[in-house]
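Reviewing the structure listed below.
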Protein chains: 4
Amino acid sequence: MKALVYLGPAKKAVQERPKPEIASPTDAIVRITKTTICGTDLHILKGDVPSCQPGRILGHEGVGVIEKAGSGVTAFKPGDRVLISCISSCGKCSYCRKLMYSHCTTGGWILGNTIDGTQAEFVRIPYADTSLYHIPDGADEEALVMLSDILPTGFECGVLNGKVQPGATMAIVGSGPIGLAALLTAQFYSPAEIIMVDLDDNRLEMAKRFGATATVNSTDGRALEAVLKLTGHRGVDTAIEAVGIPATFELCAGIVAAGGTIANIGVHGTKVDLHLEHLWDRNITITTRLVDTVSTPMLLGSVRSHKIDPQAADNLPLQIRTHP
Amino acid sequence: MKALVYLGPAKKAVQERPKPEIASPTDAIVRITKTTICGTDLHILKGDVPSCQPGRILGHEGVGVIEKAGSGVTAFKPGDRVLISCISSCGKCSYCRKLMYSHCTTGGWILGNTIDGTQAEFVRIPYADTSLYHIPDGADEEALVMLSDILPTGFECGVLNGKVQPGATMAIVGSGPIGLAALLTAQFYSPAEIIMVDLDDNRLEMAKRFGATATVNSTDGRALEAVLKLTGHRGVDTAIEAVGIPATFELCAGIVAAGGTIANIGVHGTKVDLHLEHLWDRNITITTRLVDTVSTPMLLGSVRSHKIDPQAADNLPLQIRTHP
Amino acid sequence: MKALVYLGPAKKAVQERPKPEIASPTDAIVRITKTTICGTDLHILKGDVPSCQPGRILGHEGVGVIEKAGSGVTAFKPGDRVLISCISSCGKCSYCRKLMYSHCTTGGWILGNTIDGTQAEFVRIPYADTSLYHIPDGADEEALVMLSDILPTGFECGVLNGKVQPGATMAIVGSGPIGLAALLTAQFYSPAEIIMVDLDDNRLEMAKRFGATATVNSTDGRALEAVLKLTGHRGVDTAIEAVGIPATFELCAGIVAAGGTIANIGVHGTKVDLHLEHLWDRNITITTRLVDTVSTPMLLGSVRSHKIDPQAADNLPLQIRTHP
Amino acid sequence: MKALVYLGPAKKAVQERPKPEIASPTDAIVRITKTTICGTDLHILKGDVPSCQPGRILGHEGVGVIEKAGSGVTAFKPGDRVLISCISSCGKCSYCRKLMYSHCTTGGWILGNTIDGTQAEFVRIPYADTSLYHIPDGADEEALVMLSDILPTGFECGVLNGKVQPGATMAIVGSGPIGLAALLTAQFYSPAEIIMVDLDDNRLEMAKRFGATATVNSTDGRALEAVLKLTGHRGVDTAIEAVGIPATFELCAGIVAAGGTIANIGVHGTKVDLHLEHLWDRNITITTRLVDTVSTPMLLGSVRSHKIDPQAADNLPLQIRTHP
């Protein structure tokens, strides 16, 4: 089969590879019908992810059709259309039993990282019963591929961890695909104000169409003042970091209101300064999270019941593809 | 009356000052029977707290007797024995109505800071109805003075924010009065393991008597390894920072397990390094908090019902007095 | 002044009464500009509320203008436009300090019940600072009067207690003003399905315009089967009881899914059967609540930020006025 | 092998039965070393449990040793000492993925009910990886058998659902094994007062040894007044129903404080009266639950760390054996 293979920093190629086989009774083989390129794949290509070794087939997102199911798989059979979770969950270990699938002792983020991934014609999915989801009839596969990673990441790491509440004021720093996913899913909780911060006016324009109530272009280095002004100098109840560099984290720390929450989504490559001399008495919360994909069934239901606008969502993968 | 007055960095004196008067109908005048010196008072004396100006009577902890009550005070009358909260709460502003008294727009930590405090024969307490508590008959005043600040601080900022749970593993970094208060009140939730870290063997010895299940002397700079070894290299569910310097915060960040919480209590004077490059995918929570004293009624009840051992508690103020 | 006075069961009259005076420093006198008649007023007129004695001026909802403020009132001054909460809260007692204002030891629901109410030209409001809210400039008073009681009741007793979640399935039994208030505010949390049950097709039609995804006319006595069929025989995650009779409570108990919640809003005059022989192993929760009006600031903000459609809301008071 | 078999109402016999075999790759065969008789077994013998048909081997509690493990079992191997959960959990269905194992679509309470149980020399355990627990070295098997059902039931259905908090006041109605299990595990949360209610002075005496702060013998029909008197007529924050008849549930409804919780554990055979005419405005919560055994790992840890006194616990199974 054809597969996109990582060959070391800055090197990749489409190669001919053998079709994967069932290796354990709980595996399934999925024929991929849609996949995407995630920002994390680009990190791998930069050589930033040492766990991913040359020779690895890339990709941890996708939808497809069950080609073969191991003898221990009970929820899926050949021909079933499925959504692939970016997180593999054994369903048995102490982390899985706490709904923290991201830290599954034999799973977690392994696809396209420590085992071959989805940017291929076929992929082997371990723990199929607890790592795949049935696709509802009539669903738009183009939109659903976002549910492998982007939407649950924005929702769990940003919105749930950020404790977004009806009537609250929030800011999302970073209007890329993940920031927009947080923007879309934050609206499940009806915050009063959603301020979107980015360097790119086109992205901010898109954020407005997706529901942002205000936007701040941070090119001038004055985003902190701009957000504080927009909130009557009170700051935001929730600040979502969706970039992954010190400047954006530190912006979040500057705009969070007393009693508020900073929910970090960004993948960071270096330490940041945490100004506890200003924050120790501010009653704030900071969270980090690798997505657990525990919200996938709910998100699938929300797509089905049109609580997430499929037309809006449709634009996200396009964004992702052009993400530098 | 006699009062201990701050006269600028490293300067203080016992002076004769006029007895305070009712300034607002919601004030009460309290005759002090017991007070203490808090670590924060020592910060003031170092000149680290610019909001506290020379001429200020120090002190934000104490028990006493109502001398006079303003016309708007309904819950207290002259002669009532009272516990003074270190936090003044108006009970009306948006923060008070969210139970975040620490950020009361006209109160918060003002005693011995922006208004005269408790290290005097008499003190004026604003918002008396919502900032004082009746002392139960027969209660030991020596023990109760801890409830002005130390016990609620250890409990709210450390134990509640740290989400201590039955069966959990925790560490407290710093075995001074605040760390010991966290240790005492953590046991309300029956954690399985409480590891105490400090530089001083005497304090660690006291921690064992107070309920620590293991202790680590960090003098050798190898506390991180020691705590990880004690937890089978899993780390702790809750790490409580009770010192207030970068090294101890960073130790907490090193020992917290995936999915765990760092609850900061320490008063920090400088920024710390936050290694998000290691923490972004660890699903951790970091909290800061100035005590709200919302738990004071419960703590008073726990002293009354002997859930906190008064004999053990009795040692804490002594510790505090000798705190450098 | 003119006032609507309760004169005993089925008897009421508009009478001339003396204008109220400040009785305590924390009181304010409000000149009423809008008021409404609540279902509870009709209960009083039936003689069902013994705490309300003949001679009482009715009414616990309203908006108006501060006429006079007691010396202890700090947040309001004459001329301020205010929303009156149906619940008076002292802000000091143990219940108020737990945000359970409904059970304030000297307040709670007293207006138009144990003290004179709002269906008059002027009303005395005790604990003005903690029982009144500033009206934002430009707000529609007609819509805001709903925030005195109806919207917080639907939201707190129904939606918050019912733990409505994104993607969830819910039913509201009773499509009167309170049921519609629950319907409007449930949408803060983006449930996937909201099934509305009532005897009246006109009300169900209005419910559809307000956001119901399905309606069931229960006239034929087969609502239970109809709701179960709509949910694939799984039942609803949240069942909100918004009527107050045994049949509707028991319908809720029949349609709640395993793991779900029944949130009672209805004012009941008699006991109901609770079929624990079917429910003991179903992992359900049942809640009751007198509104605390803790959500009033958020609801005011949501009206201001148009998260609640003012046009839709505008119909509710009209409904209320014709409520039998 | 020898097995205790249900032969229809009031009929049981020890019979010779074939040793169970692996029927599915996720099964394990366990050689029983300890088992117990639960109150529910007695319900079966009365003919109250129609799902349990004549010919069924009884029993859903036990500890033992793995005799054989199916090819899909990864966490256990022959020779491992194991605790058997009374609840079988597939780990895959929508209920298991919400940690509501009690309602597992192919598991739940099936042992000794719809499939053969533990009162035999050997038992087949479905979903072994997610329904068995390793026994720590040196643990007392006699004490651990309580963790199959009794302790998690008291803890989850009573203590967790009842939201027991430090400093709270609570009552447990019923001082049988389940009530005592609630009493033991409630102390994880350090309530200030635990009032135990029963008809039998011996049981109440045992409750005092287990940590009850007050006891009420309800033989005289005046338990309601007695509990209210003990709580200064405020009632209890948590009332745990551990009997399963209308009188005891209605007692709980009479003694619960405004804002409090009734946590039902009892298995009820008939409806109860719920006096919503008194409770609608009391802001109370009522919960029901079939145990999920999600707390089993924590409870095992608490036995290991001696947070539950093994000596005290040791008496519980004896109690159970004599339970009428």
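Residues in the structure tokens are numbered from 1 in each chain, the chains being A, B, ... in the order shown, and ligands are numbered from 1 in the order shown.
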
Identify every residue of chain C that has at least one atom within 6 Å of any atom of chain A, counting only C-alpha atoms, and report the result as a PDB file with N, CA, C and O atoms, in the first residue's frame.
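Here's the written file out_1.pdb:
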ATOM      1  N   GLY C 167     -24.907  18.124  24.597  1.00  0.00           N
ATOM      2  CA  GLY C 167     -25.145  16.816  24.007  1.00  0.00           C
ATOM      3  C   GLY C 167     -26.179  15.967  24.710  1.00  0.00           C
ATOM      4  O   GLY C 167     -26.528  14.888  24.237  1.00  0.00           O
ATOM      5  N   PHE C 188     -28.337  27.482  27.367  1.00  0.00           N
ATOM      6  CA  PHE C 188     -26.978  27.911  27.723  1.00  0.00           C
ATOM      7  C   PHE C 188     -25.992  26.742  27.637  1.00  0.00           C
ATOM      8  O   PHE C 188     -24.789  26.956  27.499  1.00  0.00           O
ATOM      9  N   TYR C 189     -26.496  25.519  27.830  1.00  0.00           N
ATOM     10  CA  TYR C 189     -25.624  24.343  27.916  1.00  0.00           C
ATOM     11  C   TYR C 189     -25.730  23.421  26.705  1.00  0.00           C
ATOM     12  O   TYR C 189     -25.193  22.318  26.716  1.00  0.00           O
ATOM     13  N   SER C 190     -26.447  23.849  25.666  1.00  0.00           N
ATOM     14  CA  SER C 190     -26.469  23.137  24.387  1.00  0.00           C
ATOM     15  C   SER C 190     -26.838  21.661  24.474  1.00  0.00           C
ATOM     16  O   SER C 190     -26.130  20.808  23.928  1.00  0.00           O
ATOM     17  N   ALA C 192     -28.632  18.268  23.345  1.00  0.00           N
ATOM     18  CA  ALA C 192     -28.945  17.834  21.978  1.00  0.00           C
ATOM     19  C   ALA C 192     -30.452  17.772  21.741  1.00  0.00           C
ATOM     20  O   ALA C 192     -30.932  18.121  20.672  1.00  0.00           O
ATOM     21  N   MET C 298     -25.460  36.820  36.461  1.00  0.00           N
ATOM     22  CA  MET C 298     -25.141  36.163  35.192  1.00  0.00           C
ATOM     23  C   MET C 298     -26.292  36.327  34.208  1.00  0.00           C
ATOM     24  O   MET C 298     -26.076  36.614  33.029  1.00  0.00           O
ATOM     25  N   SER C 302     -26.378  38.002  30.573  1.00  0.00           N
ATOM     26  CA  SER C 302     -26.765  37.269  29.364  1.00  0.00           C
ATOM     27  C   SER C 302     -27.832  38.017  28.579  1.00  0.00           C
ATOM     28  O   SER C 302     -27.892  37.925  27.355  1.00  0.00           O
ATOM     29  N   SER C 305     -25.793  40.692  26.858  1.00  0.00           N
ATOM     30  CA  SER C 305     -24.998  40.213  25.716  1.00  0.00           C
ATOM     31  C   SER C 305     -25.850  39.420  24.724  1.00  0.00           C
ATOM     32  O   SER C 305     -25.313  38.747  23.855  1.00  0.00           O
TER      33      SER C 305
END

Superposed chain D (on chain B, all in-order C-alpha pairs) as a short mmCIF file (atom, residue, chain, number, x, y, z; two decimals) with C-alpha atoms, in the first residue's frame:
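File produced: out_31.cif:
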data_model
loop_
_atom_site.label_atom_id
_atom_site.label_comp_id
_atom_site.auth_asym_id
_atom_site.auth_seq_id
_atom_site.Cartn_x
_atom_site.Cartn_y
_atom_site.Cartn_z
CA MET D 1 -3.25 51.95 74.21
CA LYS D 2 -0.05 50.01 73.48
CA ALA D 3 0.51 48.88 69.87
CA LEU D 4 3.30 47.38 67.76
CA VAL D 5 3.92 49.84 64.92
CA TYR D 6 5.79 49.38 61.66
CA LEU D 7 8.21 52.25 61.17
CA GLY D 8 9.75 51.31 57.82
CA PRO D 9 12.02 48.46 56.73
CA ALA D 10 13.56 46.66 59.71
CA LYS D 11 12.06 49.20 62.12
CA LYS D 12 9.24 48.63 64.56
CA ALA D 13 8.36 49.85 68.02
CA VAL D 14 5.76 49.44 70.73
CA GLN D 15 4.10 52.83 70.86
CA GLU D 16 1.26 54.50 72.71
CA ARG D 17 -1.60 55.06 70.25
CA PRO D 18 -5.17 56.32 70.61
CA LYS D 19 -7.82 53.65 71.11
CA PRO D 20 -9.67 53.05 67.80
CA GLU D 21 -13.21 54.36 67.31
CA ILE D 22 -16.21 53.12 65.33
CA ALA D 23 -15.85 54.75 61.90
CA SER D 24 -18.75 53.08 60.11
CA PRO D 25 -21.98 51.50 61.44
CA THR D 26 -20.73 48.05 60.39
CA ASP D 27 -17.51 48.34 62.46
CA ALA D 28 -16.77 46.73 65.80
CA ILE D 29 -14.00 47.51 68.28
CA VAL D 30 -12.37 44.36 69.67
CA ARG D 31 -10.21 44.17 72.79
CA ILE D 32 -7.43 41.75 71.87
CA THR D 33 -6.73 38.87 74.23
CA LYS D 34 -4.40 36.82 72.00
CA THR D 35 -2.54 37.66 68.83
CA THR D 36 0.37 36.21 66.87
CA ILE D 37 3.12 37.19 64.47
CA CYS D 38 2.69 35.79 60.97
CA GLY D 39 5.35 35.20 58.36
CA THR D 40 3.73 37.99 56.39
CA ASP D 41 4.49 40.44 59.20
CA LEU D 42 8.13 39.57 58.71
CA HIS D 43 7.78 40.27 54.97
CA ILE D 44 6.44 43.72 55.90
CA LEU D 45 9.40 44.32 58.19
CA LYS D 46 11.75 43.45 55.34
CA GLY D 47 10.03 46.19 53.31
CA ASP D 48 8.56 43.70 50.82
CA VAL D 49 4.94 44.85 51.15
CA PRO D 50 4.63 48.39 49.72
CA SER D 51 0.92 48.61 50.52
CA CYS D 52 1.87 48.69 54.21
CA GLN D 53 3.19 52.16 55.05
CA PRO D 54 5.23 53.29 58.07
CA GLY D 55 3.02 54.18 61.01
CA ARG D 56 0.81 51.15 60.56
CA ILE D 57 -0.09 48.97 63.56
CA LEU D 58 0.84 45.42 62.54
CA GLY D 59 -1.10 42.14 62.87
CA HIS D 60 -4.00 40.35 61.19
CA GLU D 61 -4.59 37.45 63.57
CA GLY D 62 -6.23 37.41 66.95
CA VAL D 63 -9.01 36.57 69.34
CA GLY D 64 -10.67 38.98 71.69
CA VAL D 65 -13.81 40.45 73.16
CA ILE D 66 -16.23 42.89 71.55
CA GLU D 67 -15.73 46.28 73.23
CA LYS D 68 -18.19 48.26 71.09
CA ALA D 69 -20.37 47.40 68.09
CA GLY D 70 -21.57 49.84 65.41
CA SER D 71 -25.29 50.46 64.94
CA GLY D 72 -25.36 48.25 61.84
CA VAL D 73 -23.79 45.23 63.54
CA THR D 74 -26.43 42.61 64.27
CA ALA D 75 -24.54 39.42 65.06
CA PHE D 76 -22.27 40.66 67.86
CA LYS D 77 -22.68 42.70 71.04
CA PRO D 78 -20.24 43.97 73.65
CA GLY D 79 -18.82 41.15 75.73
CA ASP D 80 -18.97 38.52 72.98
CA ARG D 81 -15.77 36.52 72.57
CA VAL D 82 -14.69 36.56 68.93
CA LEU D 83 -12.22 35.15 66.47
CA ILE D 84 -10.89 37.74 64.00
CA SER D 85 -10.54 36.70 60.37
CA CYS D 86 -7.38 37.92 58.64
CA ILE D 87 -9.66 38.73 55.67
CA SER D 88 -12.27 41.48 55.94
CA SER D 89 -15.35 40.76 53.84
CA CYS D 90 -18.09 43.26 53.03
CA GLY D 91 -20.50 40.44 52.12
CA LYS D 92 -21.94 42.51 49.28
CA CYS D 93 -19.48 42.98 46.41
CA SER D 94 -19.28 40.65 43.40
CA TYR D 95 -16.26 38.84 44.85
CA CYS D 96 -17.86 38.31 48.29
CA ARG D 97 -21.00 37.03 46.52
CA LYS D 98 -18.77 34.41 44.85
CA LEU D 99 -17.23 33.44 48.23
CA MET D 100 -13.92 34.96 47.14
CA TYR D 101 -13.60 37.20 50.17
CA SER D 102 -9.85 37.57 49.61
CA HIS D 103 -10.66 39.92 46.74
CA CYS D 104 -13.45 41.88 48.43
CA THR D 105 -13.37 45.23 46.65
CA THR D 106 -13.25 47.22 49.90
CA GLY D 107 -11.84 44.54 52.19
CA GLY D 108 -9.60 41.51 51.68
CA TRP D 109 -6.31 41.53 53.54
CA ILE D 110 -6.37 45.03 54.97
CA LEU D 111 -5.78 44.46 58.72
CA GLY D 112 -2.21 45.33 59.65
CA ASN D 113 -1.65 46.24 56.01
CA THR D 114 -3.72 49.18 54.80
CA ILE D 115 -5.54 49.77 58.10
CA ASP D 116 -4.33 49.28 61.68
CA GLY D 117 -4.09 45.70 62.87
CA THR D 118 -4.34 43.36 65.81
CA GLN D 119 -0.99 43.67 67.55
CA ALA D 120 -2.46 46.22 69.90
CA GLU D 121 -4.78 46.37 72.88
CA PHE D 122 -7.74 47.22 70.66
CA VAL D 123 -8.51 46.98 66.97
CA ARG D 124 -11.26 48.32 64.72
CA ILE D 125 -12.77 45.52 62.60
CA PRO D 126 -14.69 46.68 59.51
CA TYR D 127 -17.66 44.58 58.34
CA ALA D 128 -17.81 42.94 61.74
CA ASP D 129 -20.81 40.74 60.95
CA THR D 130 -18.99 39.06 58.09
CA SER D 131 -15.42 39.20 59.40
CA LEU D 132 -15.73 37.97 62.99
CA TYR D 133 -16.80 34.57 64.37
CA HIS D 134 -18.28 33.64 67.73
CA ILE D 135 -15.95 31.55 69.88
CA PRO D 136 -17.65 28.43 71.24
CA ASP D 137 -17.86 28.17 75.00
CA GLY D 138 -14.96 26.34 76.54
CA ALA D 139 -12.74 26.65 73.49
CA ASP D 140 -9.01 27.09 73.98
CA GLU D 141 -8.10 30.60 72.79
CA GLU D 142 -4.47 29.66 72.34
CA ALA D 143 -5.48 27.07 69.74
CA LEU D 144 -8.15 29.25 68.13
CA VAL D 145 -5.85 32.07 67.17
CA MET D 146 -4.56 29.70 64.50
CA LEU D 147 -7.97 29.97 62.85
CA SER D 148 -7.48 33.64 62.01
CA ASP D 149 -5.14 32.79 59.16
CA ILE D 150 -2.88 29.76 59.42
CA LEU D 151 -5.36 26.91 59.44
CA PRO D 152 -7.72 28.30 56.77
CA THR D 153 -4.69 29.18 54.63
CA GLY D 154 -3.26 25.67 54.84
CA PHE D 155 -6.68 24.17 54.28
CA GLU D 156 -8.07 26.36 51.51
CA CYS D 157 -4.93 27.20 49.53
CA GLY D 158 -3.30 23.82 50.09
CA VAL D 159 -5.80 21.07 50.81
CA LEU D 160 -8.97 22.25 49.01
CA ASN D 161 -7.14 23.70 46.02
CA GLY D 162 -4.94 20.59 45.98
CA LYS D 163 -8.05 18.39 45.77
CA VAL D 164 -6.74 15.98 48.41
CA GLN D 165 -8.74 12.74 48.23
CA PRO D 166 -9.10 9.57 50.26
CA GLY D 167 -6.38 7.14 49.27
CA ALA D 168 -4.29 9.75 47.47
CA THR D 169 -0.55 10.34 47.66
CA MET D 170 0.60 13.84 48.51
CA ALA D 171 3.67 15.84 49.41
CA ILE D 172 3.96 19.10 51.32
CA VAL D 173 7.10 21.07 50.57
CA GLY D 174 7.85 23.19 53.63
CA SER D 175 7.20 22.06 57.18
CA GLY D 176 6.79 25.49 58.76
CA PRO D 177 3.53 26.58 60.40
CA ILE D 178 1.64 26.80 57.11
CA GLY D 179 2.92 23.45 55.90
CA LEU D 180 1.95 21.89 59.21
CA ALA D 181 -1.50 23.49 58.98
CA ALA D 182 -1.88 21.88 55.55
CA LEU D 183 -0.69 18.59 57.01
CA LEU D 184 -3.23 18.71 59.85
CA THR D 185 -6.17 19.65 57.66
CA ALA D 186 -5.23 17.34 54.78
CA GLN D 187 -6.11 14.50 57.11
CA PHE D 188 -9.77 15.54 56.92
CA TYR D 189 -9.67 13.70 53.57
CA SER D 190 -7.68 10.60 54.60
CA PRO D 191 -4.92 10.57 51.99
CA ALA D 192 -2.91 7.33 52.02
CA GLU D 193 0.53 8.93 51.95
CA ILE D 194 1.71 12.36 53.12
CA ILE D 195 5.36 13.05 52.40
CA MET D 196 6.78 16.10 54.17
CA VAL D 197 9.83 17.89 52.76
CA ASP D 198 11.97 20.40 54.69
CA LEU D 199 15.56 21.36 55.43
CA ASP D 200 15.15 20.96 59.19
CA ASP D 201 15.01 17.61 60.94
CA ASN D 202 13.23 19.06 63.97
CA ARG D 203 10.39 20.27 61.83
CA LEU D 204 10.22 16.95 60.02
CA GLU D 205 10.09 15.22 63.37
CA MET D 206 7.15 17.41 64.35
CA ALA D 207 5.52 16.62 60.99
CA LYS D 208 5.69 12.92 61.81
CA ARG D 209 3.92 13.56 65.10
CA PHE D 210 1.29 15.52 63.16
CA GLY D 211 0.60 12.64 60.76
CA ALA D 212 3.20 12.64 57.98
CA THR D 213 3.74 9.10 56.69
CA ALA D 214 7.22 9.86 55.33
CA THR D 215 9.71 12.73 55.51
CA VAL D 216 12.47 13.94 53.21
CA ASN D 217 15.27 16.25 54.33
CA SER D 218 16.07 18.26 51.21
CA THR D 219 19.43 19.60 52.40
CA ASP D 220 21.32 17.36 49.98
CA GLY D 221 19.49 18.75 46.94
CA ARG D 222 18.08 15.31 46.12
CA ALA D 223 14.50 15.69 47.33
CA LEU D 224 13.13 15.15 43.81
CA GLU D 225 14.67 11.70 43.54
CA ALA D 226 13.70 10.85 47.11
CA VAL D 227 10.02 11.69 46.61
CA LEU D 228 9.87 9.89 43.27
CA LYS D 229 11.43 6.83 44.88
CA LEU D 230 8.89 6.92 47.73
CA THR D 231 6.06 6.95 45.17
CA GLY D 232 7.35 4.16 42.94
CA HIS D 233 8.37 6.85 40.39
CA ARG D 234 4.73 7.77 39.81
CA GLY D 235 4.87 11.09 41.65
CA VAL D 236 2.25 12.56 43.95
CA ASP D 237 -1.40 13.34 43.25
CA THR D 238 -1.09 16.60 45.18
CA ALA D 239 2.03 18.69 45.75
CA ILE D 240 1.60 21.60 48.16
CA GLU D 241 4.12 24.44 47.96
CA ALA D 242 4.43 26.01 51.41
CA VAL D 243 7.66 27.99 51.18
CA GLY D 244 7.53 30.61 48.42
CA ILE D 245 10.81 30.36 46.50
CA PRO D 246 11.58 29.09 42.96
CA ALA D 247 13.39 25.95 44.12
CA THR D 248 10.45 24.64 46.11
CA PHE D 249 7.90 25.43 43.40
CA GLU D 250 10.07 23.69 40.83
CA LEU D 251 10.41 20.70 43.14
CA CYS D 252 6.61 20.49 43.23
CA ALA D 253 6.52 20.60 39.41
CA GLY D 254 9.03 17.75 39.32
CA ILE D 255 7.19 15.44 41.71
CA VAL D 256 3.58 15.92 40.58
CA ALA D 257 2.09 12.83 38.90
CA ALA D 258 0.30 12.95 35.56
CA GLY D 259 -3.20 14.16 36.36
CA GLY D 260 -2.09 15.72 39.64
CA THR D 261 -2.28 19.18 41.20
CA ILE D 262 0.25 21.69 42.49
CA ALA D 263 -1.36 23.93 45.10
CA ASN D 264 0.78 26.97 45.79
CA ILE D 265 0.49 28.55 49.24
CA GLY D 266 3.88 30.28 49.41
CA VAL D 267 4.21 34.07 49.12
CA HIS D 268 6.61 34.50 46.20
CA GLY D 269 8.86 37.51 45.67
CA THR D 270 10.16 36.53 42.25
CA LYS D 271 9.14 34.62 39.11
CA VAL D 272 9.67 30.87 38.78
CA ASP D 273 10.48 28.71 35.77
CA LEU D 274 7.52 26.69 34.56
CA HIS D 275 8.75 23.85 32.38
CA LEU D 276 5.80 23.60 30.04
CA GLU D 277 7.99 21.66 27.61
CA HIS D 278 7.67 18.78 30.11
CA LEU D 279 4.28 19.60 31.56
CA TRP D 280 2.08 20.52 28.56
CA ASP D 281 0.90 16.92 28.10
CA ARG D 282 0.86 15.86 31.77
CA ASN D 283 -2.73 16.91 32.54
CA ILE D 284 -1.75 18.81 35.64
CA THR D 285 -3.35 21.72 37.48
CA ILE D 286 -1.55 24.56 39.27
CA THR D 287 -3.42 26.82 41.66
CA THR D 288 -2.67 30.00 43.57
CA ARG D 289 -4.83 31.54 46.29
CA LEU D 290 -4.97 34.17 48.92
CA VAL D 291 -7.03 32.62 51.69
CA ASP D 292 -10.74 33.47 51.57
CA THR D 293 -11.47 32.21 55.10
CA VAL D 294 -14.69 30.62 53.80
CA SER D 295 -13.80 27.49 55.74
CA THR D 296 -13.56 29.22 59.12
CA PRO D 297 -16.98 28.06 60.39
CA MET D 298 -16.18 24.46 59.46
CA LEU D 299 -12.74 24.66 61.05
CA LEU D 300 -14.25 26.11 64.23
CA GLY D 301 -16.67 23.19 64.24
CA SER D 302 -13.85 20.72 63.75
CA VAL D 303 -11.97 22.13 66.70
CA ARG D 304 -15.17 21.87 68.73
CA SER D 305 -15.77 18.27 67.68
CA HIS D 306 -12.09 17.41 68.22
CA LYS D 307 -11.50 16.40 64.60
CA ILE D 308 -8.42 18.58 64.88
CA ASP D 309 -6.36 17.49 67.85
CA PRO D 310 -6.09 20.56 70.07
CA GLN D 311 -2.99 19.24 71.72
CA ALA D 312 -1.20 18.96 68.40
CA ALA D 313 -2.52 22.27 67.21
CA ASP D 314 -1.28 23.87 70.37
CA ASN D 315 2.27 23.59 69.16
CA LEU D 316 1.70 25.53 65.98
CA PRO D 317 1.65 29.07 67.39
CA LEU D 318 4.87 28.36 69.27
CA GLN D 319 6.37 27.37 65.97
CA ILE D 320 5.10 30.52 64.39
CA ARG D 321 6.66 32.72 67.01
CA THR D 322 10.09 31.35 66.28
CA HIS D 323 9.63 31.38 62.50
CA PRO D 324 12.64 33.32 61.11
#

| task | From a DSSP pass on the backbone, collect the residues of region 112-145 of chain D flagged as strand (DSSP E or B) and hand them back as a ChimeraX atom specification. | result | /D:115,120,122-125,132-134

| message | Among region 51-248 of chain B, which residues does DSSP mark as alpha helix (DSSP H) when it is run on the backbone? Keep the chain and numbering as in the structure and answer as a PyMOL selection string. | response | chain B and resi 128-131+141-144+150-152+177-186+201-210+223-230+246-248
